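The structure appears right after this line, and notes come after that.
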Amino acid sequence: MTAGPDDTEGTAVRVPSGPVVAGLRLAALREAANVTPQAAADAAKIGVPQLTAVEAGRAPAPPRPRLSRLLRALGADEDLPVLDAFIRQTWGESTADDQAGWAGRLESVLSQATGWRTACGGIVPAGVRTAAYHRALTRGRSARADGAVFARVATTAPPVRALVLLDEQVLDRATGGPATAAEQLDHLAELTGHSWVTVALVPTVASTGGPALTHLTTPAGPLIVEADATGARYHTGTTAQRAIGLIDSVRHRAGRPQDAPGHLRAAAQWMRARTTVAGAAR
């Protein structure tokens, strides 16, 4: 999808500023590492109130040397360049992220959402990936932020309702190898046990056939996130409405959601059988 001049028509969603994104990402990394605010503040040599304000996007992050010490304490040294760049940027209403940064921004955008649904063209979308699948898909990028997206959505009260429309190609595609793919398929089947998560399989002929499209419902209006392994693009206005129409078309041609868990588990078993056969052949 190519962003056009009509992207600014209609109600625009204010995409959070760089400091807000950086704060949310810091909070997610700290929670994932099970580090208390006091311990994190001590590592950065700042006070807990300042850390709390930074995580809420109300204050700038500490200078780079202190930010570096904080990230080292969280086991996330590789996030320093990304966060340092976020802190110095103010985002507009239409923009794009590379793969290194988009998961953190998606998390911040999801904090505005009351619902999200995604239709993908042969890959499992962000927010519902296992760490191994995410690494395989993004050539080794950290999955901490991706996991934090789902954790943050899951703990919202009430939880943000999620609809995941999966191209049936996902059942046969051994991304990261059969074992990684099998783990991912089992993970998706488990997610269907949540009352607020719906997973449905879509025939390949009815799928988007391209990047994953995620439709976020926000108080300010609809936002479309178009994502692939290289990063993400954000659309509002008329361009977003066209993408919403495509997702609606895909949803109407999807199979019954209650059938998805069985198909996913059967595909996972088949993937593991491929691993066993390959091992026996060696």
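In the structure tokens, the first chain shown is A, the next is B, and so on; residue numbers restart at 1 for each chain, and ligands run from 1 in the order shown.
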
**Item:** Secondary structure check, alpha helix (DSSP H) residues of stretch 239-280 of chain A, as a ChimeraX atom specification
**Value:** /A:239-252,260-280

Could you write out, as a PDB file with N, CA and C atoms, in the first residue's frame, all the residues of stretch 167-207 of chain A that DSSP marks as strand (DSSP E)?
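Contents of the output file states00.pdb:
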```pdb
ATOM      1  N   ASP A 167      -3.474 -16.382   6.931  1.00  0.00           N
ATOM      2  CA  ASP A 167      -3.415 -17.073   5.649  1.00  0.00           C
ATOM      3  C   ASP A 167      -3.074 -18.540   5.920  1.00  0.00           C
ATOM      4  N   VAL A 197      -9.500 -13.176  22.391  1.00  0.00           N
ATOM      5  CA  VAL A 197      -8.682 -13.425  21.201  1.00  0.00           C
ATOM      6  C   VAL A 197      -9.425 -14.374  20.268  1.00  0.00           C
ATOM      7  N   THR A 198      -9.559 -13.990  19.015  1.00  0.00           N
ATOM      8  CA  THR A 198     -10.157 -14.845  17.995  1.00  0.00           C
ATOM      9  C   THR A 198      -9.134 -15.062  16.889  1.00  0.00           C
ATOM     10  N   VAL A 199      -8.903 -16.320  16.549  1.00  0.00           N
ATOM     11  CA  VAL A 199      -8.006 -16.663  15.446  1.00  0.00           C
ATOM     12  C   VAL A 199      -8.820 -17.424  14.410  1.00  0.00           C
ATOM     13  N   ALA A 200      -8.727 -17.018  13.159  1.00  0.00           N
ATOM     14  CA  ALA A 200      -9.437 -17.703  12.073  1.00  0.00           C
ATOM     15  C   ALA A 200      -8.481 -17.880  10.904  1.00  0.00           C
ATOM     16  N   LEU A 201      -8.651 -18.980  10.176  1.00  0.00           N
ATOM     17  CA  LEU A 201      -7.806 -19.277   9.017  1.00  0.00           C
ATOM     18  C   LEU A 201      -8.507 -18.851   7.738  1.00  0.00           C
ATOM     19  N   VAL A 202      -7.721 -18.298   6.820  1.00  0.00           N
ATOM     20  CA  VAL A 202      -8.252 -17.748   5.578  1.00  0.00           C
ATOM     21  C   VAL A 202      -7.643 -18.497   4.401  1.00  0.00           C
TER      22      VAL A 202
END
```

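Nearest residue to A:Glu190 among A:Ser68, A:Thr130, A:Thr52, A:Asn34 is A:Thr130, counting only C-alpha atoms.
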
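With only C-alpha atoms as the atoms that count, the minimum distance from A:Ala268 to the choices A:Leu216, A:Leu74, A:Ala232, A:Ala189 is reached by A:Ala189.
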
**Prompt:** Expressed in Å to a single decimal, how great is the separation between atom CA of A:Ala76 and atom CA of A:Val225?
**Reply:**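 Separating atom CA of A:Ala76 from atom CA of A:Val225 is a distance of 25.7 Å.
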
**Request:** Go through A:Ala136, A:Ala44, A:Leu223, A:Ala243 one by one, measure the shortest atom-to-atom distance of each to A:Thr114 using only C-alpha atoms, and give the residue with the smallest value.
**Result:** A:Leu223

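Nearest to A:Arg256 of all the residues A:Ala39, A:Ala182, A:Pro203, A:Glu55 is A:Pro203, counting only C-alpha atoms.
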
**Prompt:** Looking at only C-alpha atoms, which of A:Val124, A:Ala53, A:Ala33, A:Ala181 is the one that sits closest to A:Leu71?
**Reply:**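 Of A:Val124, A:Ala53, A:Ala33, A:Ala181, the one nearest A:Leu71, counting only C-alpha atoms, is A:Ala33.
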
**Request:** Tell me, in Å to one decimal, how far atom CA of A:Gly262 is from atom CA of A:Asp186.
**Result:**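 That distance, rounded to one decimal, is 10.0 Å.
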
**Asked** Near A:Leu163, within 12 Å and counting only C-alpha atoms, which residues show up once chain neighbours fewer than 4 positions away are dropped, as a PyMOL selection string?
**Response** chain A and resi 115-120+125+127-128+188+191-192+194-201+213-217+247-248+250-251+254+257

**Request:** Measuring atom to atom with only C-alpha atoms, identify which of A:Ala227, A:Gln169, A:Pro81, A:Arg66 is nearest to A:Thr138.
**Result:**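 Going through A:Ala227, A:Gln169, A:Pro81, A:Arg66 one by one, the smallest distance to A:Thr138 is for A:Ala227.
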